[in-house]
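K.L.:
Pasting a structure here, questions to come.
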Amino acid sequence: MSEFKKLAIILESGDYEKAHIAAMIASVAAVSEIEVSIFITMNAIYNFLKVNVKENKFTGGKIFEKLKEKKAQMFYDMLDQAKMFGGLKIYACSMVMDLLDLKKEDLLDIVDDHLGLAAFLSIMEGAQTITF
Amino acid sequence: MADLDLKNIKATVVVDARGTYCPGPLMELIKEMRQQPVGSIIEVISGDAGSAKDVPEWLKKVNQEFLGVLEENNYWRIFAKKVKDM
């Protein structure tokens with residue numbers, strides 16, 4: 001198995017399940033001595049808005065319904081915990097924030113900053129990248 | 001470690017992670033490992049079959065000691081020892 005030390009996750013989809021698997025992979029990687037960066041862009045931004053999280057307003061399919069029914073830990077709590085235990089940074093896409101007139105305060109506190117693509121591309125350099 | 005020895009182990013702390021889903025049991029173990037001193041034995045009770053395979057893999061990766069796993073009726077008892085600071 002080849003060893004990688006950096007993982008970049010691009011989260012684009014607004015589907016709850018994709019946010020959930022991204023959070024699962026990010027958590028386990030972050031506690032396994034891998035430096036993880038998540039870039040939230042396009043429809044995925046809606047899952048990181050305080051207002052939607054507060055109202056539990058997510059879009060998902062069958063597995064989302066099961067996760068709710070079985071009271072599984074939500075993706076944002078998973079990410080919060082991973083940030084305490086390991087190296088995990090979460091960035092929101094500046095373009096989408098501009099498009100929706102969002103401010104940093106509109107996003108969950110687990111979001112570290114907002115970045116443009118040039119900045120995220122430099123973070124991705126030498127990293128294994130996964131897109132959801 | 002043989003099953004018999006595992007059954008006699010007195011864990012420093014036991015974490016019941018039943019009811020959490022992957023990677024819940026692993027994260028519960030990490031939470032305890034960070035708090036307990038070096039030399040502590042942590043037992044994680046997991047209702048999730050994947051964790052019985054996942055936890056040893058993680059322990060190997062971060063150079064902590066895996067003592068073994070006992071399969072009970074519908075749950076697993078996973079034993080780990082903190083051998084270095086984290």
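In the structure tokens, chains take letters A, B, ... by order of appearance, with residues numbered from 1 within each chain and ligands from 1 in the order shown.
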Pull out every residue of chain B sitting within 12 Å of chain A, counting only C-alpha atoms, and send them as a PDB file with N, CA, C and O atoms, in the first residue's frame.
P.N.:
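Printed below is iface07.pdb as written:
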```
ATOM      1  N   ARG B  18     -21.556   0.834  21.743  1.00  0.00           N
ATOM      2  CA  ARG B  18     -22.691   0.234  21.030  1.00  0.00           C
ATOM      3  C   ARG B  18     -23.721   1.322  20.738  1.00  0.00           C
ATOM      4  O   ARG B  18     -23.946   2.196  21.575  1.00  0.00           O
ATOM      5  N   GLY B  19     -24.299   1.274  19.580  1.00  0.00           N
ATOM      6  CA  GLY B  19     -25.263   2.314  19.215  1.00  0.00           C
ATOM      7  C   GLY B  19     -24.615   3.388  18.360  1.00  0.00           C
ATOM      8  O   GLY B  19     -25.299   4.220  17.796  1.00  0.00           O
ATOM      9  N   THR B  20     -23.280   3.374  18.272  1.00  0.00           N
ATOM     10  CA  THR B  20     -22.634   4.300  17.341  1.00  0.00           C
ATOM     11  C   THR B  20     -22.258   3.518  16.090  1.00  0.00           C
ATOM     12  O   THR B  20     -22.034   2.312  16.132  1.00  0.00           O
ATOM     13  N   TYR B  21     -22.224   4.227  14.994  1.00  0.00           N
ATOM     14  CA  TYR B  21     -21.878   3.595  13.717  1.00  0.00           C
ATOM     15  C   TYR B  21     -20.470   3.986  13.318  1.00  0.00           C
ATOM     16  O   TYR B  21     -19.946   4.998  13.774  1.00  0.00           O
ATOM     17  N   CYS B  22     -19.884   3.165  12.464  1.00  0.00           N
ATOM     18  CA  CYS B  22     -18.542   3.410  11.955  1.00  0.00           C
ATOM     19  C   CYS B  22     -18.428   4.861  11.481  1.00  0.00           C
ATOM     20  O   CYS B  22     -19.328   5.317  10.768  1.00  0.00           O
ATOM     21  N   PRO B  23     -17.438   5.656  11.825  1.00  0.00           N
ATOM     22  CA  PRO B  23     -16.269   5.289  12.631  1.00  0.00           C
ATOM     23  C   PRO B  23     -16.433   5.581  14.122  1.00  0.00           C
ATOM     24  O   PRO B  23     -15.442   5.785  14.817  1.00  0.00           O
ATOM     25  N   GLY B  24     -17.668   5.587  14.624  1.00  0.00           N
ATOM     26  CA  GLY B  24     -17.934   5.902  16.033  1.00  0.00           C
ATOM     27  C   GLY B  24     -17.074   5.169  17.054  1.00  0.00           C
ATOM     28  O   GLY B  24     -16.415   5.810  17.872  1.00  0.00           O
ATOM     29  N   PRO B  25     -17.046   3.807  17.015  1.00  0.00           N
ATOM     30  CA  PRO B  25     -16.251   3.089  18.013  1.00  0.00           C
ATOM     31  C   PRO B  25     -14.766   3.468  17.983  1.00  0.00           C
ATOM     32  O   PRO B  25     -14.138   3.620  19.039  1.00  0.00           O
ATOM     33  N   LEU B  26     -14.235   3.677  16.788  1.00  0.00           N
ATOM     34  CA  LEU B  26     -12.832   4.085  16.668  1.00  0.00           C
ATOM     35  C   LEU B  26     -12.632   5.457  17.307  1.00  0.00           C
ATOM     36  O   LEU B  26     -11.677   5.678  18.061  1.00  0.00           O
ATOM     37  N   MET B  27     -13.552   6.376  17.033  1.00  0.00           N
ATOM     38  CA  MET B  27     -13.417   7.726  17.584  1.00  0.00           C
ATOM     39  C   MET B  27     -13.549   7.707  19.109  1.00  0.00           C
ATOM     40  O   MET B  27     -12.874   8.461  19.805  1.00  0.00           O
ATOM     41  N   GLU B  28     -14.402   6.826  19.626  1.00  0.00           N
ATOM     42  CA  GLU B  28     -14.552   6.700  21.084  1.00  0.00           C
ATOM     43  C   GLU B  28     -13.250   6.194  21.710  1.00  0.00           C
ATOM     44  O   GLU B  28     -12.841   6.649  22.773  1.00  0.00           O
ATOM     45  N   LEU B  29     -12.608   5.250  21.013  1.00  0.00           N
ATOM     46  CA  LEU B  29     -11.326   4.729  21.498  1.00  0.00           C
ATOM     47  C   LEU B  29     -10.287   5.850  21.528  1.00  0.00           C
ATOM     48  O   LEU B  29      -9.556   6.011  22.514  1.00  0.00           O
ATOM     49  N   ILE B  30     -10.247   6.631  20.467  1.00  0.00           N
ATOM     50  CA  ILE B  30      -9.259   7.710  20.375  1.00  0.00           C
ATOM     51  C   ILE B  30      -9.477   8.736  21.486  1.00  0.00           C
ATOM     52  O   ILE B  30      -8.539   9.196  22.117  1.00  0.00           O
ATOM     53  N   LYS B  31     -10.753   9.053  21.738  1.00  0.00           N
ATOM     54  CA  LYS B  31     -11.089  10.008  22.792  1.00  0.00           C
ATOM     55  C   LYS B  31     -10.485   9.544  24.126  1.00  0.00           C
ATOM     56  O   LYS B  31      -9.852  10.303  24.839  1.00  0.00           O
ATOM     57  N   GLU B  32     -10.652   8.251  24.437  1.00  0.00           N
ATOM     58  CA  GLU B  32     -10.117   7.707  25.690  1.00  0.00           C
ATOM     59  C   GLU B  32      -8.601   7.648  25.664  1.00  0.00           C
ATOM     60  O   GLU B  32      -7.940   7.964  26.643  1.00  0.00           O
ATOM     61  N   MET B  33      -8.056   7.221  24.535  1.00  0.00           N
ATOM     62  CA  MET B  33      -6.599   7.076  24.438  1.00  0.00           C
ATOM     63  C   MET B  33      -5.888   8.396  24.683  1.00  0.00           C
ATOM     64  O   MET B  33      -4.802   8.421  25.243  1.00  0.00           O
ATOM     65  N   ARG B  34      -6.510   9.485  24.228  1.00  0.00           N
ATOM     66  CA  ARG B  34      -5.894  10.791  24.420  1.00  0.00           C
ATOM     67  C   ARG B  34      -5.889  11.182  25.893  1.00  0.00           C
ATOM     68  O   ARG B  34      -4.990  11.880  26.345  1.00  0.00           O
ATOM     69  N   GLN B  35      -6.915  10.743  26.620  1.00  0.00           N
ATOM     70  CA  GLN B  35      -7.042  11.150  28.021  1.00  0.00           C
ATOM     71  C   GLN B  35      -6.261  10.284  29.000  1.00  0.00           C
ATOM     72  O   GLN B  35      -5.779  10.758  30.007  1.00  0.00           O
ATOM     73  N   SER B  51     -15.761  -2.425  12.984  1.00  0.00           N
ATOM     74  CA  SER B  51     -14.801  -1.843  13.916  1.00  0.00           C
ATOM     75  C   SER B  51     -13.804  -2.865  14.455  1.00  0.00           C
ATOM     76  O   SER B  51     -12.670  -2.526  14.773  1.00  0.00           O
ATOM     77  N   ASP B  54     -11.365  -2.598  11.868  1.00  0.00           N
ATOM     78  CA  ASP B  54     -10.895  -1.230  11.672  1.00  0.00           C
ATOM     79  C   ASP B  54      -9.956  -0.766  12.776  1.00  0.00           C
ATOM     80  O   ASP B  54      -8.937  -0.141  12.506  1.00  0.00           O
ATOM     81  N   VAL B  55     -10.324  -1.063  14.011  1.00  0.00           N
ATOM     82  CA  VAL B  55      -9.544  -0.579  15.144  1.00  0.00           C
ATOM     83  C   VAL B  55      -8.105  -1.132  15.126  1.00  0.00           C
ATOM     84  O   VAL B  55      -7.159  -0.362  15.260  1.00  0.00           O
ATOM     85  N   GLU B  57      -6.368  -2.067  12.637  1.00  0.00           N
ATOM     86  CA  GLU B  57      -5.698  -1.412  11.504  1.00  0.00           C
ATOM     87  C   GLU B  57      -5.205  -0.017  11.901  1.00  0.00           C
ATOM     88  O   GLU B  57      -4.079   0.357  11.619  1.00  0.00           O
ATOM     89  N   TRP B  58      -6.071   0.699  12.601  1.00  0.00           N
ATOM     90  CA  TRP B  58      -5.709   2.049  13.038  1.00  0.00           C
ATOM     91  C   TRP B  58      -4.582   2.002  14.077  1.00  0.00           C
ATOM     92  O   TRP B  58      -3.639   2.790  14.014  1.00  0.00           O
ATOM     93  N   LEU B  59      -4.672   1.055  15.005  1.00  0.00           N
ATOM     94  CA  LEU B  59      -3.648   0.949  16.050  1.00  0.00           C
ATOM     95  C   LEU B  59      -2.273   0.695  15.433  1.00  0.00           C
ATOM     96  O   LEU B  59      -1.268   1.268  15.848  1.00  0.00           O
ATOM     97  N   LYS B  60      -2.261  -0.162  14.399  1.00  0.00           N
ATOM     98  CA  LYS B  60      -1.011  -0.470  13.708  1.00  0.00           C
ATOM     99  C   LYS B  60      -0.457   0.794  13.049  1.00  0.00           C
ATOM    100  O   LYS B  60       0.722   1.104  13.150  1.00  0.00           O
ATOM    101  N   LYS B  61      -1.342   1.523  12.425  1.00  0.00           N
ATOM    102  CA  LYS B  61      -0.962   2.739  11.705  1.00  0.00           C
ATOM    103  C   LYS B  61      -0.329   3.784  12.628  1.00  0.00           C
ATOM    104  O   LYS B  61       0.622   4.453  12.262  1.00  0.00           O
ATOM    105  N   VAL B  62      -0.877   3.935  13.821  1.00  0.00           N
ATOM    106  CA  VAL B  62      -0.369   4.981  14.716  1.00  0.00           C
ATOM    107  C   VAL B  62       0.576   4.415  15.789  1.00  0.00           C
ATOM    108  O   VAL B  62       0.916   5.113  16.754  1.00  0.00           O
ATOM    109  N   ASN B  63       0.989   3.159  15.606  1.00  0.00           N
ATOM    110  CA  ASN B  63       1.939   2.513  16.522  1.00  0.00           C
ATOM    111  C   ASN B  63       1.486   2.448  17.976  1.00  0.00           C
ATOM    112  O   ASN B  63       2.249   2.716  18.894  1.00  0.00           O
ATOM    113  N   GLN B  64       0.213   2.106  18.160  1.00  0.00           N
ATOM    114  CA  GLN B  64      -0.259   1.772  19.499  1.00  0.00           C
ATOM    115  C   GLN B  64      -0.518   0.261  19.487  1.00  0.00           C
ATOM    116  O   GLN B  64      -0.575  -0.346  18.429  1.00  0.00           O
ATOM    117  N   MET B  86      -0.019  10.494  22.633  1.00  0.00           N
ATOM    118  CA  MET B  86      -0.643  10.909  21.367  1.00  0.00           C
ATOM    119  C   MET B  86      -1.455  12.173  21.588  1.00  0.00           C
ATOM    120  O   MET B  86      -1.750  12.567  22.665  1.00  0.00           O
TER     121      MET B  86
END
```
K.L.:
So that I can check the secondary structure, give me every residue of chain A assigned strand (DSSP E) by backbone DSSP, as a count of residues only.
P.N.:
25
K.L.:
What's the separation between atom CA of B:Lys84 and atom CA of B:Glu43, in Å to one decimal place?
P.N.:
16.9 Å
K.L.:
Using DSSP secondary structure from the backbone, list all alpha helix (DSSP H) positions within chain A, as a PyMOL selection string.
P.N.:
chain A and resi 16-30+50-54+62-69+75-85+94-99+117-124
K.L.:
If we count only C-alpha atoms and set the cut-off at 7 Å, which residues sit around A:Phe75, ignoring sequence neighbours fewer than 4 positions away in its own chain? Please answer as number ranges by chain.
P.N.:
A: 19-20, 23, 79
K.L.:
Keeping only all heavy atoms, take the residues you just selected and write them out as a PDB file, in the first residue's frame.
P.N.:
```pdb
ATOM      1  N   ALA A  19     -22.063  14.231   1.986  1.00  0.00           N
ATOM      2  CA  ALA A  19     -21.433  14.960   3.088  1.00  0.00           C
ATOM      3  C   ALA A  19     -21.043  13.972   4.185  1.00  0.00           C
ATOM      4  O   ALA A  19     -19.984  14.087   4.811  1.00  0.00           O
ATOM      5  CB  ALA A  19     -22.391  16.016   3.637  1.00  0.00           C
ATOM      6  N   HIS A  20     -21.901  12.962   4.389  1.00  0.00           N
ATOM      7  CA  HIS A  20     -21.662  11.985   5.455  1.00  0.00           C
ATOM      8  C   HIS A  20     -20.429  11.122   5.166  1.00  0.00           C
ATOM      9  O   HIS A  20     -19.572  10.958   6.033  1.00  0.00           O
ATOM     10  CB  HIS A  20     -22.909  11.104   5.642  1.00  0.00           C
ATOM     11  CG  HIS A  20     -22.944  10.412   6.965  1.00  0.00           C
ATOM     12  ND1 HIS A  20     -23.514  10.978   8.083  1.00  0.00           N
ATOM     13  CD2 HIS A  20     -22.470   9.211   7.360  1.00  0.00           C
ATOM     14  CE1 HIS A  20     -23.385  10.155   9.111  1.00  0.00           C
ATOM     15  NE2 HIS A  20     -22.759   9.064   8.696  1.00  0.00           N
ATOM     16  N   ALA A  23     -17.309  13.132   5.504  1.00  0.00           N
ATOM     17  CA  ALA A  23     -16.962  13.346   6.911  1.00  0.00           C
ATOM     18  C   ALA A  23     -16.362  12.091   7.531  1.00  0.00           C
ATOM     19  O   ALA A  23     -15.433  12.163   8.345  1.00  0.00           O
ATOM     20  CB  ALA A  23     -18.200  13.782   7.693  1.00  0.00           C
ATOM     21  N   LEU A  79     -17.204  15.886  11.884  1.00  0.00           N
ATOM     22  CA  LEU A  79     -16.117  16.776  11.465  1.00  0.00           C
ATOM     23  C   LEU A  79     -15.576  17.582  12.651  1.00  0.00           C
ATOM     24  O   LEU A  79     -14.369  17.784  12.780  1.00  0.00           O
ATOM     25  CB  LEU A  79     -16.595  17.724  10.359  1.00  0.00           C
ATOM     26  CG  LEU A  79     -16.894  17.071   9.013  1.00  0.00           C
ATOM     27  CD1 LEU A  79     -17.530  18.089   8.060  1.00  0.00           C
ATOM     28  CD2 LEU A  79     -15.629  16.488   8.385  1.00  0.00           C
TER      29      LEU A  79
END
```
